[in-house]
Each structure stands twice: as structure tokens, then as C-alpha cells.
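Quick notes on the structure that follows.
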Amino acid sequence: MDSEKIKKLENDYTANTYARYDVALVSGKGAVAKDPEGREFIDFTSGIGVNSLGFCEPGWVDAVQRQAGLLQHTSNLFYTEPCALASEKLIKLTGMSNVFFANSGAEANEGAIKAARKYKSDRFQIVTLTESFHGRTMATITATGQESFHRYFTPFLQGFGYAETNNTESLYETVTEDTCAIMIEFIQGEGGINELNRDFVDEIVKICDEKDILLIADEVQTGLGRTGKFMSYEHYGVKPDIVTLAKGVGGGLPIGCVLFGEKAKEILGPGDHGSTFGANPIACAGADYVLSKFMDGGAFLGEIADKGEYFREKLLAIPGVKGVSGKGLMIGIDVDEKNAKEIVAEALKRGLLTLTAKDKVRLLPPLNIEYEMIDKGLSILAGAIKAVV
Ligand code: PLP
């Protein structure tokens, strides 16, 4: 099928919920995707942080294909090897106590919210931050602190409070005697690649300790090595009670995780929570393969951090770039406020896939991207910035 036919069918028959780029993709290898006419695009998006190892990494394809031919689904009434292996790796890599498998980031956050509500029967309030993004289900758009997500769909869930990002005073005003959890992204993704200040995080940890409140880290975008550490909270030396993951875990397959630490590991019991597709064997086989890449004593993470530094240095040398935020391969580029969307569109025309995050250009390249591809992509990006700014 050619590009025009694919786009027409989708436009005719899928719900109009996405502002799509005017491109159809049919295949990919590493950090390069192709459209039906064979036009190549360098990928600085990883499908919004999902394809951790790029398109169709051979070992990942083998693992997924092998599992698809062996056993595709069983329900959670049975034990399966991919679930056993993926959960063992997640626990070894994080030091958390156990994991619940879901299918997406929003669903993982729903699980975390439910656990927080059950933690203390007399407390229900969950505090999140103003620039946060936690998903699009009813509970998670309520948890999302960005006002723009609260326009429709009322009434929202009760029992959420929003503290201003990096504002300690506002944090103390928002936490009440009813608070059972504080849920944060240590580096806010959709909200604009905003890093939390260390002092602010220290205050959150202090409040959680003093009041016996759960600290929930939403690592859906930042987790799985994206920031150069396995989890972004490691940059802050913090140990959350609950951690949610999704996006990059399956390397391109839908999987979400709620990791429970010591304090939270027994909150949910039989019948409290579940998911038909959770721990699907094919998704878990993909996840197990991605996770195996991190079981190398930190070498892969070191490479991600080095590539992040490389990106930063090169980006800051591009005229029109005012600053760079984020860590590792989660990169926000400060440009003139009105220009981010135009730069992304111009880069697309020139064969480079990039994203926006609020007013910034956002890059989430595959974690194993090669330096040659980084250079090629950055040279296209520099051209696009020059054309727009
Ligand atoms: N939490 C964060 C930090 C995210 O960035 C996202 C998605 O962008 C979500 C939750 C929701 O994940 P999903 O789209 O898989 O439901």
C-alpha cells in the first residue's frame, strides 16, 4: 500500500484523537525508519521512548518471534517463564520487592493509585505536581497536574492535590493529614523536560518519611536507562516505595509495571487488582530481552550517559539553541517559544523524526543509537533550526 492510501484509510476510519505527522511508516532498522516509497527517516523519537533498542533489533525480534510460536497468552491464572524471567530481572536491577504487570503507563499508574488508596484506610489524598503528566484514564488525567488536561470529562476523581513543581512552600500547603502518597516524575516529560530540584525532592522525601506517606515515582518516560541511570530517581539518591514503568520496557510491545518496595509490597492481595493482558508472555519475552541488556554491570548505562553528553555538547553549539534540559537520552531543547513545532515539522521534511514537549523540541533517540546516526541526525536538526529561527 502506498503512503497516500494508508493515510486516507486511517483518516477515514480511525478516531480523530491524534495530531499526526504527515508520514506513514512501513519498516525500520536500528535508528532508521522507511516510508512505503522507500524514503528514510532518522529516528530521534523511539516511538515516544518505546523502542529502547531501535527498530527490529535482531535479538529482540528472535525473542518475540520464538515466544509467539511457543505460547502467546495464558491468562494470569498460570505461571509462565517469560513473566518469571522479566520480573526477576526487574527486581534485581531495582532492588524493589515485587512487580505487578499491566499494559501501559496509565494502567501502571492506576495500579499505583489504587495501592496508595489502600495503604491507610483513613487517608486518600494523592499529591502530584502542576506540570506533571500521568496518563489519560480518568484517574490518571485527574492525577495529571497540567490544567490543559482538565478541560472536559468532569467530574474528576476526588482526593487529588497539586503542588507547584519545585515550590516547597506549595508542597507543604498541599499535603494534608489525608495524604497517603506523593506521586512525581523526577524529570517531567510531557510537561516540558523539567528536572526536579534536588532540594525540592529532599523535602518530598522528608515529608514522606515524617508522615508515613508513600513516595510514588512515575518512571514511565524516564525509566529503563533513558536518563543514563536505570531509574531517574537514582540521580537523586532516593528510594521510592512504588515505581511505575511502561514505554521502554517491552522494546516496542505494550507492557506496564508497578514495582512495589518493602513498605508497599503487601498492600495489594488476591482479588485487589488484575489485568487480562498483564504479563502477556510475548510482551514479557520482549521485556526480558530489553532488560537483559542492562545486566552487564552498568556498561550499557555508561554508554547512554556518554551519548547524552555528546548530544548536549553538539546541541549547545547549534545557533538558535538557547539551552538543553533533561538527562541522558531524554533531551529538551530550548528554542524560541513559538518555534518548536515548526522546527519539528522542518526536520521531518528533511528526514529526521523529533518531538515537542510543551515549548521545547524533545529528543528520545533509541538507547543504542550509533554515533554516526547521532551526527547525521544532528546535522539535519541544525539545518532545520537554521531554516526556522
Ligand atoms: N506517565 C508518564 C510520565 C508519561 O510520560 C506517560 C505517557 O507519555 C504516561 C504516564 C502514560 O503512559 P501511556 O500512554 O502508556 O498510558
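Residue names in the C-alpha cells use chain letters A, B, ... in the order shown, residue numbers from 1 in each chain, and ligand numbers from 1 in the order shown.
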Margin query: Taking the DSSP secondary structure from the backbone, can you list the residues of stretch 10-95 of chain A that are alpha helix (DSSP H), as number ranges by chain?
Written below: A: 10-13, 46-49, 58-68, 81-94
Distance table requested - chain A against ligand 1, cut-off 9 Å, only C-alpha atoms and all ligand atoms: one row per qualifying residue with the closest atom pair and its distance in Å to one decimal, ordered by chain and rising residue number, as CSV.
residue,atom,partner,partner_atom_place_in_ligand_line,distance
A:Ile48,CA,ligand 1,8 (O),7.4
A:Gly49,CA,ligand 1,8 (O),8.5
A:Asn103,CA,ligand 1,15 (O),7.5
A:Ser104,CA,ligand 1,15 (O),3.9
A:Gly105,CA,ligand 1,12 (O),3.3
A:Ala106,CA,ligand 1,16 (O),3.6
A:Glu107,CA,ligand 1,16 (O),6.2
A:Ala108,CA,ligand 1,16 (O),7.9
A:Asn109,CA,ligand 1,10 (C),6.9
A:Ser132,CA,ligand 1,3 (C),7.4
A:Phe133,CA,ligand 1,2 (C),5.4
A:His134,CA,ligand 1,1 (N),3.8
A:Gly135,CA,ligand 1,11 (C),3.8
A:Arg136,CA,ligand 1,16 (O),6.4
A:Thr137,CA,ligand 1,16 (O),7.8
A:Thr140,CA,ligand 1,10 (C),7.9
A:Thr144,CA,ligand 1,1 (N),8.7
A:Ile184,CA,ligand 1,3 (C),8.5
A:Glu185,CA,ligand 1,3 (C),6.1
A:Ile187,CA,ligand 1,3 (C),8.5
A:Gln188,CA,ligand 1,3 (C),6.6
A:Gly189,CA,ligand 1,5 (O),5.5
A:Glu190,CA,ligand 1,5 (O),5.7
A:Gly191,CA,ligand 1,5 (O),8.7
A:Asp218,CA,ligand 1,3 (C),5.6
A:Glu219,CA,ligand 1,3 (C),6.1
A:Val220,CA,ligand 1,2 (C),4.7
A:Gln221,CA,ligand 1,5 (O),4.6
A:Thr222,CA,ligand 1,3 (C),7.2
A:Thr244,CA,ligand 1,1 (N),8.1
A:Leu245,CA,ligand 1,1 (N),8.0
A:Ala246,CA,ligand 1,15 (O),6.0
A:Lys247,CA,ligand 1,15 (O),5.9
A:Pro254,CA,ligand 1,15 (O),7.8
A:Ile255,CA,ligand 1,15 (O),8.2
A:Gly256,CA,ligand 1,15 (O),7.3
Check: Between A:Val258, A:Leu329, A:Ile193, A:Ala116, which is the closest to A:Lys358 once you count only C-alpha atoms?
Finding: A:Ile193
Margin query: If you run DSSP on the backbone here, which positions in stretch 140-320 of chain A get strand (DSSP E or B)? Please write them as a PyMOL selection string.
Written below: chain A and resi 160-163+179-184+187-188+194-195+214-218+242-245+256-260
Note to self: When you count only C-alpha atoms, which of these residues is closest to A:Asp272: A:Thr94, A:Met373, A:Ala115, A:Thr80?
What the structure shows: A:Ala115
Checklist line | 12 Å contact set for A:Gly95, only C-alpha atoms, chain neighbours under 4 positions out, as an NGL selection string | finding: :A and (87-91 or 99 or 230-231 or 234 or 239-243 or 259-262)
Next item on the list: Write out as number ranges by chain each polymer residue whose atoms come within 12 Å of A:Glu57, counting only C-alpha atoms; drop sequence neighbours fewer than 6 positions from it.
Entry: A: 28-32, 51, 63-64, 251-252, 286, 289-290, 293, 366-369
Next item on the list: One decimal, Å: what's the distance from atom CA of A:Ala181 over to atom CA of A:Pro155, could you say?
Entry: 21.6 Å
